[in-house]
Amino acid sequence: MRLVSNYIPYRDIAAEWRISIRAWLARRKLKNIANVINKREAHITWQLLKNFCGRYHDKWLAGQKKIDNNFLCDKDKCTACGMCERICPRENIKRPEGQPVWQHKCVECLGCLHICPVKAIDYGEITRSRKRYRHSEVKPAELLRKS
């Protein structure tokens with residue numbers, strides 16, 4: 001299913017009109033998938049990508065401990081709000097002095113980057129000028145782990 005990409009190290013966030021079209025197409029495709037599941041029909045979606053995804057995942061896993069070396073925090077912008085720490089699904093961010101420090105368990109979800117209200121977090125220099133994305137129907141509080 002083609003959705004909006006929030007992986008901004010690769011490219012900037014799509015225009016709003018493109019996001020709307022992709023969301024509409026995704027909802028339509030989800031209905032079709034639900035029908036296939038309800039009817040217990042066979043499908044091959046995962047099998048088509050299994051080999052490619054498996055090879056990519058192994059390569060990604062081998063470099064996982066280095067992934068969060070790419071994150072930068074602009075200490076002048078950071079307000080030490082803690083949202084980056086609370087959104088991380090791996091509890092990979094600690095804030096001993098207020099600003100985030102990554103602990104080398106990153107899964108590259110970029111949640112910390114996208115949720116930062118002041119855009120203090122970047123993934124290398126390339127993301128500094130890029131937009132952040134949050135689904136319009138999902139509130140930040142719904143994404144945060146309880147502290």
# chains A, B, ... in the order shown; residues from 1 in each chain; ligands from 1
call {"tool": "residues_around", "arguments": {"residues": "Glu97 of chain A", "least_positions_apart": "6", "cutoff": "12 Å", "atoms": "only C-alpha atoms", "output": "PyMOL selection string"}}
result
chain A and resi 75+78-82
call {"tool": "closest_atom_pairs", "arguments": {"of": "segment 40-104 of chain A", "to": "segment 119-139 of chain A", "cutoff": "7 Å", "atoms": "only C-alpha atoms", "output": "tab-separated table"}}
result
residue	atom	partner	partner_atom	distance
A:Asn70	CA	A:Gly124	CA	5.1
A:Phe71	CA	A:Tyr123	CA	4.5
A:Leu72	CA	A:Asp122	CA	5.2
A:Cys73	CA	A:Ile121	CA	4.6
A:Asp74	CA	A:Ala120	CA	5.0
A:Lys77	CA	A:Ala120	CA	5.3
A:Cys78	CA	A:Ala120	CA	5.3
call {"tool": "write_last_selection", "arguments": {"atoms": "C-alpha atoms", "output": "CSV table (one decimal), in the first residue's frame"}}
result
chain,number,residue,atom,x,y,z
A,70,ASN,CA,23.0,10.6,12.4
A,71,PHE,CA,20.7,12.4,14.8
A,72,LEU,CA,21.5,16.0,15.7
A,73,CYS,CA,19.8,18.1,18.3
A,74,ASP,CA,20.0,21.9,18.1
A,77,LYS,CA,16.2,25.4,19.7
A,78,CYS,CA,15.5,22.5,22.1
call {"tool": "residues_around", "arguments": {"residues": "Cys106 of chain A", "least_positions_apart": "4", "cutoff": "7 Å", "atoms": "only C-alpha atoms", "output": "VMD selection string"}}
result
chain A and resid 64 67 to 68 90 92
call {"tool": "write_last_selection", "arguments": {"atoms": "N, CA, C and O atoms", "output": "mmCIF file, in the first residue's frame"}}
result
data_model
loop_
_atom_site.group_PDB
_atom_site.id
_atom_site.type_symbol
_atom_site.label_atom_id
_atom_site.label_comp_id
_atom_site.auth_asym_id
_atom_site.auth_seq_id
_atom_site.Cartn_x
_atom_site.Cartn_y
_atom_site.Cartn_z
ATOM 1 N N GLN A 64 22.584 -1.256 12.669
ATOM 2 C CA GLN A 64 21.638 -0.628 13.596
ATOM 3 C C GLN A 64 22.302 0.182 14.702
ATOM 4 O O GLN A 64 21.835 1.243 15.060
ATOM 5 N N ILE A 67 22.961 3.734 13.565
ATOM 6 C CA ILE A 67 21.868 4.530 12.996
ATOM 7 C C ILE A 67 21.714 5.865 13.708
ATOM 8 O O ILE A 67 21.620 6.911 13.079
ATOM 9 N N ASP A 68 21.675 5.828 15.029
ATOM 10 C CA ASP A 68 21.372 7.082 15.721
ATOM 11 C C ASP A 68 22.563 8.031 15.807
ATOM 12 O O ASP A 68 22.442 9.124 16.340
ATOM 13 N N ARG A 90 11.548 2.327 21.501
ATOM 14 C CA ARG A 90 12.624 1.495 22.041
ATOM 15 C C ARG A 90 13.226 2.067 23.322
ATOM 16 O O ARG A 90 14.205 1.549 23.823
ATOM 17 N N ASN A 92 14.979 4.585 23.565
ATOM 18 C CA ASN A 92 16.337 4.810 23.089
ATOM 19 C C ASN A 92 16.853 6.211 23.404
ATOM 20 O O ASN A 92 18.025 6.491 23.215
#
call {"tool": "residues_around", "arguments": {"residues": "Pro89 of chain A", "least_positions_apart": "4", "cutoff": "12 Å", "atoms": "only C-alpha atoms", "output": "PyMOL selection string"}}
result
chain A and resi 83-85+93+105-112+143-146
call {"tool": "select_by_dssp", "arguments": {"residues": "segment 45-131 of chain A", "states": "helix (DSSP H, G or I)", "output": "count of residues only"}}
result
38
call {"tool": "select_by_dssp", "arguments": {"residues": "chain A", "states": "strand (DSSP E or B)", "output": "PyMOL selection string"}}
result
chain A and resi 71-73+93-94+101-102+121-123
call {"tool": "closest_residue", "arguments": {"among": "A:Gly54, A:Ile87, A:Val4, A:Lys59", "to": "Ile21 of chain A", "atoms": "only C-alpha atoms"}}
result
A:Val4
call {"tool": "closest_residue", "arguments": {"among": "A:Leu3, A:Ala15, A:Ala42, A:Ala141", "to": "Leu30 of chain A", "atoms": "only C-alpha atoms"}}
result
A:Leu3
call {"tool": "atom_distance", "arguments": {"atom1": "atom CA of Ser5 of chain A", "atom2": "atom CA of Lys94 of chain A"}}
result
26.6 Å
call {"tool": "decode", "arguments": {"residues": "segment 42-86 of chain A", "atoms": "C-alpha atoms", "output": "short mmCIF file (atom, residue, chain, number, x, y, z; two decimals), in the first residue's frame"}}
result
data_model
loop_
_atom_site.label_atom_id
_atom_site.label_comp_id
_atom_site.auth_asym_id
_atom_site.auth_seq_id
_atom_site.Cartn_x
_atom_site.Cartn_y
_atom_site.Cartn_z
CA ALA A 42 -5.41 -16.22 -0.64
CA HIS A 43 -3.24 -13.23 -1.43
CA ILE A 44 0.41 -12.84 -2.37
CA THR A 45 1.23 -9.25 -1.41
CA TRP A 46 3.86 -10.14 1.18
CA GLN A 47 5.40 -12.92 -0.93
CA LEU A 48 6.16 -10.46 -3.74
CA LEU A 49 8.43 -8.43 -1.44
CA LYS A 50 9.67 -11.12 0.94
CA ASN A 51 13.11 -11.65 -0.60
CA PHE A 52 13.80 -7.96 -1.16
CA CYS A 53 12.64 -6.96 2.32
CA GLY A 54 14.58 -9.80 3.94
CA ARG A 55 17.87 -8.75 2.31
CA TYR A 56 17.31 -5.08 3.13
CA HIS A 57 16.38 -5.87 6.73
CA ASP A 58 19.56 -7.91 7.27
CA LYS A 59 21.71 -5.04 5.95
CA TRP A 60 19.83 -2.52 8.10
CA LEU A 61 20.14 -4.72 11.19
CA ALA A 62 23.91 -5.03 10.71
CA GLY A 63 24.27 -1.23 10.91
CA GLN A 64 21.64 -0.63 13.60
CA LYS A 65 24.02 0.44 16.37
CA LYS A 66 25.29 3.26 14.14
CA ILE A 67 21.87 4.53 13.00
CA ASP A 68 21.37 7.08 15.72
CA ASN A 69 24.81 8.62 15.12
CA ASN A 70 23.01 10.57 12.38
CA PHE A 71 20.68 12.38 14.79
CA LEU A 72 21.45 15.96 15.72
CA CYS A 73 19.84 18.14 18.34
CA ASP A 74 20.04 21.91 18.07
CA LYS A 75 20.53 22.81 21.73
CA ASP A 76 19.59 26.43 21.04
CA LYS A 77 16.16 25.36 19.74
CA CYS A 78 15.50 22.47 22.15
CA THR A 79 13.09 23.33 24.95
CA ALA A 80 13.72 20.05 26.84
CA CYS A 81 9.99 19.21 26.59
CA GLY A 82 10.69 15.46 26.61
CA MET A 83 8.37 14.54 23.73
CA CYS A 84 11.24 12.85 21.86
CA GLU A 85 11.95 10.63 24.85
CA ARG A 86 8.29 9.75 25.36
#
